[in-house]
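What follows is the content of upload33.tsv, which has TSV, C-alpha atoms:
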```tsv
chain	number	residue	atom	x	y	z
A	1	MET	CA	139.98	100.55	99.84
A	2	THR	CA	139.42	98.73	103.13
A	3	ASP	CA	139.21	94.96	102.88
A	4	ALA	CA	135.70	93.76	103.70
A	5	THR	CA	137.10	91.22	106.15
A	6	THR	CA	138.16	94.09	108.45
A	7	ILE	CA	134.65	95.51	108.67
A	8	ASP	CA	132.44	94.34	111.53
A	9	SER	CA	128.89	93.28	110.74
A	10	THR	CA	126.17	95.73	111.79
A	11	ILE	CA	123.63	92.95	112.23
A	12	ASP	CA	121.81	93.13	115.56
A	13	PRO	CA	121.18	89.49	116.56
A	14	GLY	CA	118.01	90.42	118.41
A	15	GLU	CA	116.61	92.22	115.37
A	16	ALA	CA	117.55	89.31	113.09
A	17	ALA	CA	115.80	86.86	115.41
A	18	HIS	CA	112.70	89.06	115.55
A	19	PHE	CA	112.32	89.24	111.78
A	20	GLY	CA	113.26	85.59	111.36
A	21	THR	CA	110.15	84.62	113.31
A	22	LEU	CA	108.03	86.34	110.63
A	23	ALA	CA	109.54	84.41	107.71
A	24	ALA	CA	106.79	81.84	107.17
A	25	ASP	CA	104.11	84.54	107.06
A	26	TRP	CA	106.01	87.14	105.00
A	27	TRP	CA	104.14	86.59	101.72
A	28	ASN	CA	100.69	86.60	103.34
A	29	PRO	CA	99.17	90.01	102.46
A	30	LYS	CA	96.84	89.74	105.46
A	31	GLY	CA	99.42	88.39	107.89
A	32	SER	CA	102.10	89.92	110.09
A	33	SER	CA	103.73	91.65	107.10
A	34	ALA	CA	100.47	93.18	105.81
A	35	MET	CA	101.84	96.70	106.29
A	36	LEU	CA	104.80	95.91	104.03
A	37	HIS	CA	102.44	94.63	101.35
A	38	ARG	CA	100.59	97.94	101.51
A	39	LEU	CA	103.85	99.92	101.36
A	40	ASN	CA	105.48	97.92	98.59
A	41	PRO	CA	103.62	99.33	95.54
A	42	VAL	CA	104.46	102.89	96.63
A	43	ARG	CA	108.10	102.03	97.25
A	44	LEU	CA	108.25	100.32	93.85
A	45	ARG	CA	106.90	103.42	92.16
A	46	PHE	CA	109.70	105.49	93.70
A	47	VAL	CA	112.29	102.87	92.75
A	48	ARG	CA	111.07	102.61	89.16
A	49	GLU	CA	110.98	106.39	88.69
A	50	ALA	CA	114.48	106.74	90.14
A	51	ILE	CA	115.77	103.97	87.86
A	52	ASP	CA	114.25	105.58	84.77
A	53	ARG	CA	115.72	108.98	85.58
A	54	HIS	CA	119.16	107.79	86.61
A	55	PHE	CA	119.74	105.23	83.88
A	56	GLY	CA	117.80	107.11	81.18
A	57	CYS	CA	115.20	104.38	80.69
A	58	ASP	CA	111.90	104.61	78.83
A	59	PRO	CA	109.16	104.41	81.51
A	60	THR	CA	107.20	102.01	79.27
A	61	VAL	CA	110.02	99.45	79.06
A	62	ARG	CA	109.24	96.38	81.17
A	63	ARG	CA	112.86	95.41	81.91
A	64	PRO	CA	114.79	98.64	82.63
A	65	LEU	CA	117.38	96.76	84.69
A	66	ALA	CA	118.32	94.27	81.96
A	67	GLY	CA	122.07	93.79	82.00
A	68	LYS	CA	122.42	95.36	85.46
A	69	ARG	CA	123.08	93.94	88.92
A	70	ALA	CA	120.78	94.85	91.80
A	71	LEU	CA	121.28	94.24	95.52
A	72	ASP	CA	118.38	94.29	98.00
A	73	VAL	CA	119.82	94.59	101.53
A	74	GLY	CA	117.52	93.43	104.31
A	75	CYS	CA	115.41	91.71	101.68
A	76	GLY	CA	113.17	89.76	104.06
A	77	ALA	CA	111.37	87.15	101.97
A	78	GLY	CA	111.84	89.10	98.74
A	79	LEU	CA	108.93	91.54	98.40
A	80	LEU	CA	111.20	94.03	96.64
A	81	THR	CA	113.81	91.62	95.29
A	82	GLU	CA	111.37	89.76	93.08
A	83	PRO	CA	110.15	92.93	91.29
A	84	LEU	CA	113.78	93.92	90.72
A	85	ALA	CA	114.37	90.55	89.07
A	86	ARG	CA	111.24	90.99	86.96
A	87	MET	CA	112.64	94.36	85.84
A	88	GLY	CA	115.49	92.38	84.32
A	89	ALA	CA	118.14	92.70	87.03
A	90	GLN	CA	120.59	90.04	88.01
A	91	ALA	CA	119.20	90.27	91.53
A	92	THR	CA	120.81	89.45	94.86
A	93	GLY	CA	118.89	89.50	98.13
A	94	LEU	CA	120.76	89.77	101.41
A	95	ASP	CA	119.20	89.35	104.85
A	96	ALA	CA	120.38	88.94	108.42
A	97	ALA	CA	117.87	86.14	109.15
A	98	PRO	CA	118.54	82.75	107.51
A	99	GLU	CA	114.83	81.94	107.93
A	100	ASN	CA	113.94	84.86	105.66
A	101	VAL	CA	116.48	83.82	103.05
A	102	ALA	CA	115.04	80.30	102.99
A	103	ALA	CA	111.48	81.62	102.61
A	104	ALA	CA	112.61	84.04	99.88
A	105	ALA	CA	114.41	81.34	97.89
A	106	LEU	CA	111.43	79.00	98.10
A	107	HIS	CA	109.01	81.69	96.91
A	108	ALA	CA	111.29	82.80	94.06
A	109	GLU	CA	111.61	79.22	92.87
A	110	GLY	CA	107.83	78.93	92.76
A	111	GLN	CA	107.73	82.11	90.63
A	112	GLY	CA	110.38	80.85	88.24
A	113	LEU	CA	112.80	83.61	89.26
A	114	ALA	CA	116.55	83.09	89.49
A	115	ILE	CA	117.60	85.22	92.48
A	116	ASP	CA	120.82	84.89	94.47
A	117	TYR	CA	119.67	84.94	98.10
A	118	ARG	CA	122.25	85.05	100.88
A	119	ALA	CA	122.23	85.29	104.66
A	120	GLY	CA	124.65	87.85	106.03
A	121	SER	CA	125.70	91.47	106.30
A	122	VAL	CA	126.43	93.99	103.54
A	123	GLU	CA	129.64	95.02	105.29
A	124	THR	CA	131.15	91.58	104.72
A	125	LEU	CA	130.49	91.34	100.99
A	126	GLY	CA	133.67	90.84	99.00
A	127	VAL	CA	135.25	94.04	97.72
A	128	GLU	CA	134.84	92.77	94.16
A	129	GLU	CA	131.05	92.62	94.54
A	130	LYS	CA	129.61	95.68	92.77
A	131	PHE	CA	125.98	96.48	91.96
A	132	ASP	CA	124.41	99.08	89.68
A	133	LEU	CA	121.46	99.43	92.07
A	134	VAL	CA	121.57	98.98	95.84
A	135	CYS	CA	118.36	99.15	97.90
A	136	ALA	CA	117.90	99.05	101.67
A	137	MET	CA	114.25	99.50	102.59
A	138	GLU	CA	113.32	99.96	106.25
A	139	VAL	CA	116.67	98.49	107.34
A	140	ILE	CA	119.01	101.19	108.61
A	141	GLU	CA	116.88	101.76	111.73
A	142	HIS	CA	117.56	98.13	112.74
A	143	VAL	CA	121.38	98.01	112.48
A	144	THR	CA	123.91	98.50	115.26
A	145	ASP	CA	125.90	101.27	113.51
A	146	PRO	CA	124.21	103.30	110.74
A	147	ALA	CA	127.46	104.94	109.60
A	148	VAL	CA	129.23	101.61	109.13
A	149	PHE	CA	126.12	100.25	107.43
A	150	VAL	CA	126.13	103.15	104.94
A	151	THR	CA	129.83	102.54	104.28
A	152	GLY	CA	128.97	98.95	103.40
A	153	LEU	CA	126.19	100.02	101.05
A	154	VAL	CA	128.46	102.50	99.29
A	155	ARG	CA	131.24	99.92	98.99
A	156	ALA	CA	128.81	97.62	97.16
A	157	LEU	CA	127.77	100.37	94.74
A	158	ALA	CA	129.35	100.29	91.29
A	159	PRO	CA	130.67	103.51	89.73
A	160	GLY	CA	127.67	105.38	88.35
A	161	GLY	CA	125.37	103.32	90.55
A	162	LEU	CA	122.14	104.29	92.30
A	163	LEU	CA	121.43	103.84	96.01
A	164	ILE	CA	117.86	103.89	97.36
A	165	LEU	CA	116.85	103.77	101.02
A	166	SER	CA	113.65	104.11	102.97
A	167	THR	CA	113.30	104.56	106.71
A	168	PRO	CA	111.00	106.13	109.32
A	169	ASN	CA	111.69	109.70	110.38
A	170	ARG	CA	112.25	110.41	114.09
A	171	THR	CA	109.25	112.63	114.76
A	172	PRO	CA	106.29	112.64	117.16
A	173	LEU	CA	104.09	111.51	114.24
A	174	SER	CA	106.20	108.42	113.51
A	175	ARG	CA	106.19	107.46	117.20
A	176	LEU	CA	102.41	107.76	117.29
A	177	ALA	CA	101.70	106.07	113.94
A	178	LEU	CA	104.27	103.28	113.94
A	179	VAL	CA	104.83	102.46	117.60
A	180	THR	CA	101.86	103.62	119.68
A	181	VAL	CA	99.13	102.84	117.14
A	182	GLY	CA	100.80	100.49	114.65
A	183	GLU	CA	102.37	98.11	117.17
A	184	GLY	CA	99.83	98.79	119.90
A	185	ALA	CA	96.92	97.80	117.66
A	186	GLY	CA	98.76	94.79	116.20
A	187	MET	CA	99.02	96.19	112.67
A	188	ILE	CA	102.80	95.91	113.00
A	189	PRO	CA	104.42	93.10	115.04
A	190	ARG	CA	105.30	94.30	118.54
A	191	GLY	CA	108.97	95.03	119.03
A	192	THR	CA	109.57	95.93	115.38
A	193	HIS	CA	110.57	99.54	116.03
A	194	ASP	CA	112.88	101.38	118.40
A	195	TRP	CA	111.87	105.00	117.82
A	196	SER	CA	115.15	106.31	119.23
A	197	LYS	CA	117.03	104.62	116.35
A	198	PHE	CA	115.05	106.39	113.62
A	199	LEU	CA	117.08	108.83	111.51
A	200	THR	CA	115.90	112.19	110.25
A	201	PRO	CA	116.43	112.98	106.55
A	202	LYS	CA	119.14	115.46	107.55
A	203	GLU	CA	120.99	112.84	109.59
A	204	LEU	CA	120.78	110.17	106.89
A	205	SER	CA	121.79	112.62	104.16
A	206	ALA	CA	124.83	113.61	106.21
A	207	LEU	CA	125.90	109.98	106.47
A	208	LEU	CA	125.56	109.52	102.71
A	209	VAL	CA	127.42	112.73	101.88
A	210	GLY	CA	130.15	111.72	104.31
A	211	ALA	CA	130.48	108.43	102.43
A	212	GLY	CA	130.98	110.27	99.13
A	213	LEU	CA	127.45	110.29	97.70
A	214	THR	CA	125.16	113.04	96.48
A	215	VAL	CA	121.52	112.89	97.57
A	216	ILE	CA	119.38	113.53	94.49
A	217	GLU	CA	115.85	113.03	95.82
A	218	THR	CA	113.92	112.72	99.07
A	219	ARG	CA	110.20	111.91	99.12
A	220	GLY	CA	107.79	111.30	101.93
A	221	LEU	CA	105.77	108.14	102.45
A	222	SER	CA	102.52	109.29	104.00
A	223	LEU	CA	99.06	107.90	104.65
A	224	ASP	CA	96.13	109.31	102.71
A	225	PRO	CA	92.77	108.36	104.30
A	226	ALA	CA	91.23	107.80	100.86
A	227	LYS	CA	94.17	106.31	98.94
A	228	GLY	CA	96.28	104.58	101.55
A	229	PHE	CA	100.06	105.02	101.37
A	230	VAL	CA	101.23	107.61	98.84
A	231	LEU	CA	104.39	109.42	97.81
A	232	SER	CA	104.27	113.02	99.03
A	233	ASP	CA	106.34	115.94	100.23
A	234	ASP	CA	105.45	115.08	103.82
A	235	VAL	CA	108.46	113.25	105.32
A	236	ARG	CA	107.26	113.31	108.93
A	237	MET	CA	106.34	109.62	109.14
A	238	ASP	CA	108.56	107.80	106.63
A	239	TYR	CA	110.64	108.77	103.64
A	240	LEU	CA	112.55	107.44	100.63
A	241	LEU	CA	115.88	108.75	99.52
A	242	ALA	CA	117.94	108.29	96.32
A	243	ALA	CA	121.67	109.00	96.11
A	244	VAL	CA	124.52	108.64	93.61
A	245	ARG	CA	128.27	108.94	93.73
A	246	ALA	CA	129.39	112.58	93.97
```
Is it possible to give me this structure as structure tokens?
Amino acid sequence: MTDATTIDSTIDPGEAAHFGTLAADWWNPKGSSAMLHRLNPVRLRFVREAIDRHFGCDPTVRRPLAGKRALDVGCGAGLLTEPLARMGAQATGLDAAPENVAAAALHAEGQGLAIDYRAGSVETLGVEEKFDLVCAMEVIEHVTDPAVFVTGLVRALAPGGLLILSTPNRTPLSRLALVTVGEGAGMIPRGTHDWSKFLTPKELSALLVGAGLTVIETRGLSLDPAKGFVLSDDVRMDYLLAAVRA
């Protein structure tokens, strides 16, 4: 196994600085991260269902991750990390922006949650660091090298572990919805997305398979005019993907 110290970080300093400026407003459901607050319940549903299936948990159990370690890569201020901790995980949140880590730690303390927040890159985690669940939500489209980033995620995954990612698809619909309309109308902070860096499900799946994983589920994240964001079979705008070791 390659020593983590030989792996370059895939953090893009410009991206880290961009998201760091949003730190103070991250937990405001009507602020600059409002879209993430709307997405989060849907992402959590996918995560919980994947956890129950993979680890054989009763869907009614409140703490399905009790006794397990969970890593949230690109955690921001902890919108996903905190629910993972509430599900019983020994949770670690990792983010490229120190401002986000500080905001996340402060919020978790106010919630009475013991979460290990760190600033840095998944590629530079120690080789002994292993997690039963690794999540990277809306992150891979912001890194400098997706293949190296995936290698880092897989290195952090314990044997029998579960990896979950979400990311926008590179389609005309995602360009229109996320960049032209979303950023143009101020619903998403300007400069958040570079459409050319979006990965299709086929491209992301190939990276995961190349790193030794098996993709077990892909679901779309789409917008229903009546219900808001929903899980669907339509992957044209955004999608979630679950994978395990082959």
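The smallest atom-to-atom distance between A:Arg86 and any of A:Gly228, A:Pro64, A:Pro13, A:Gly31, using all atoms listed in the file, is found for A:Pro64.
Compared by their closest atoms to A:Thr144, and using only C-alpha atoms, the residues A:Ser196, A:Ser9, A:Ser121, A:Thr21 rank with A:Ser9 nearest.
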> Please, what distance in Å, to one decimal, runs between atom CA of A:Asp234 and atom CA of A:Pro201?
Replying inline: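 Result for atom CA of A:Asp234 versus atom CA of A:Pro201: 11.5 Å, one decimal.
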> Could you tell me, as a count of residues only, which residues have any atom at most 12 Å from (120.5, 92.8, 107.7), counting only C-alpha atoms?
Replying inline: 47
>> Here is a test: counting all atoms listed in the file, which residue of A:Pro83, A:Gly110, A:Gly191, A:Pro172 is nearest to A:Leu71?
In response: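 Looking only at the distances to A:Leu71, the closest residue turns out to be A:Pro83.
A straight line drawn from atom CA of A:Lys227 to atom CA of A:Gly88 is 29.4 Å long.
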> Excluding same-chain residues fewer than 3 positions from A:Lys68, what lies within 7 Å of it counting only C-alpha atoms, as number ranges by chain?
Replying inline: A: 65, 89-90, 132
Find the axis-aligned box for stretch 26-37 of chain A, covering all its listed atoms and adding 5 Å on each side, and write its centre and edge lengths in Å to one decimal as lines of an AutoDock Vina configuration file.
```
center_x = 101.4
center_y = 91.6
center_z = 105.7
size_x = 19.2
size_y = 20.1
size_z = 18.7
```
Residue contacts of stretch 184-190 of chain A (8 Å, all atoms listed in the file) excluding same-chain residues fewer than 5 positions away, as a PDB file with C-alpha atoms, in the coordinates of the input:
```
ATOM      1  CA  SER A  32     102.100  89.920 110.090  1.00  0.00           C
ATOM      2  CA  SER A  33     103.730  91.650 107.100  1.00  0.00           C
ATOM      3  CA  ALA A  34     100.470  93.180 105.810  1.00  0.00           C
ATOM      4  CA  MET A  35     101.840  96.700 106.290  1.00  0.00           C
ATOM      5  CA  LEU A 178     104.270 103.280 113.940  1.00  0.00           C
ATOM      6  CA  VAL A 179     104.830 102.460 117.600  1.00  0.00           C
TER       7      VAL A 179
END
```
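Within 7 Å of A:Val235, once all atoms listed in the file are used and residues closer than 2 positions along the same chain are dropped, the contacting residues are Asn169, Arg219, Gly220, Leu221, Asp233, Met237, Asp238 and Tyr239 of chain A.
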Take the residues just selected and output them with C-alpha atoms as a short mmCIF file (atom, residue, chain, number, x, y, z; two decimals), keeping the file's coordinate frame.
```cif
data_model
loop_
_atom_site.label_atom_id
_atom_site.label_comp_id
_atom_site.auth_asym_id
_atom_site.auth_seq_id
_atom_site.Cartn_x
_atom_site.Cartn_y
_atom_site.Cartn_z
CA ASN A 169 111.69 109.70 110.38
CA ARG A 219 110.20 111.91 99.12
CA GLY A 220 107.79 111.30 101.93
CA LEU A 221 105.77 108.14 102.45
CA ASP A 233 106.34 115.94 100.23
CA MET A 237 106.34 109.62 109.14
CA ASP A 238 108.56 107.80 106.63
CA TYR A 239 110.64 108.77 103.64
#
```
>> Between atom CA of A:Arg245 and atom CA of A:Thr167, what is the distance in Å, rounded to a tenth?
In response: 20.3 Å
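Shortest separation to A:Thr180 among A:Val215, A:Glu129, A:His193, A:Ile115 occurs at residue A:His193, atoms counted being only C-alpha atoms.
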Which residues, written as a PDB file with C-alpha atoms, in the frame of the given file, have at least one atom at most 12 Å from A:Gly212, with all atoms listed in the file counted and residues fewer than 2 positions away on the same chain left out?
```pdb
ATOM      1  CA  VAL A 150     126.130 103.150 104.940  1.00  0.00           C
ATOM      2  CA  THR A 151     129.830 102.540 104.280  1.00  0.00           C
ATOM      3  CA  LEU A 153     126.190 100.020 101.050  1.00  0.00           C
ATOM      4  CA  VAL A 154     128.460 102.500  99.290  1.00  0.00           C
ATOM      5  CA  ARG A 155     131.240  99.920  98.990  1.00  0.00           C
ATOM      6  CA  LEU A 157     127.770 100.370  94.740  1.00  0.00           C
ATOM      7  CA  PRO A 159     130.670 103.510  89.730  1.00  0.00           C
ATOM      8  CA  LEU A 163     121.430 103.840  96.010  1.00  0.00           C
ATOM      9  CA  SER A 205     121.790 112.620 104.160  1.00  0.00           C
ATOM     10  CA  ALA A 206     124.830 113.610 106.210  1.00  0.00           C
ATOM     11  CA  LEU A 207     125.900 109.980 106.470  1.00  0.00           C
ATOM     12  CA  LEU A 208     125.560 109.520 102.710  1.00  0.00           C
ATOM     13  CA  VAL A 209     127.420 112.730 101.880  1.00  0.00           C
ATOM     14  CA  GLY A 210     130.150 111.720 104.310  1.00  0.00           C
ATOM     15  CA  THR A 214     125.160 113.040  96.480  1.00  0.00           C
ATOM     16  CA  VAL A 215     121.520 112.890  97.570  1.00  0.00           C
ATOM     17  CA  ALA A 243     121.670 109.000  96.110  1.00  0.00           C
ATOM     18  CA  VAL A 244     124.520 108.640  93.610  1.00  0.00           C
ATOM     19  CA  ARG A 245     128.270 108.940  93.730  1.00  0.00           C
ATOM     20  CA  ALA A 246     129.390 112.580  93.970  1.00  0.00           C
TER      21      ALA A 246
END
```
> So which one's closest to A:Leu113, A:Ala156, A:Val134, A:Asp25, A:Gly78? Using only C-alpha atoms, please.
Replying inline: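 Ranking A:Ala156, A:Val134, A:Asp25, A:Gly78 by distance to A:Leu113, first place goes to A:Gly78.
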>> Just checking: using all atoms listed in the file, which residue out of A:Trp195, A:Asn40, A:Ala77, A:Glu82 ends up closest to A:Leu173?
In response: A:Trp195
>> Residues near A:Ile51, anyone? I mean within 9 Å using all atoms listed in the file, not counting same-chain ones fewer than 3 positions away, as a list of chain:residue names.
In response: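 So the residues in contact are A:Phe46, A:Val47, A:Arg48, A:His54, A:Phe55, A:Gly56, A:Cys57, A:Pro64, A:Leu65, A:Leu133, A:Leu162.
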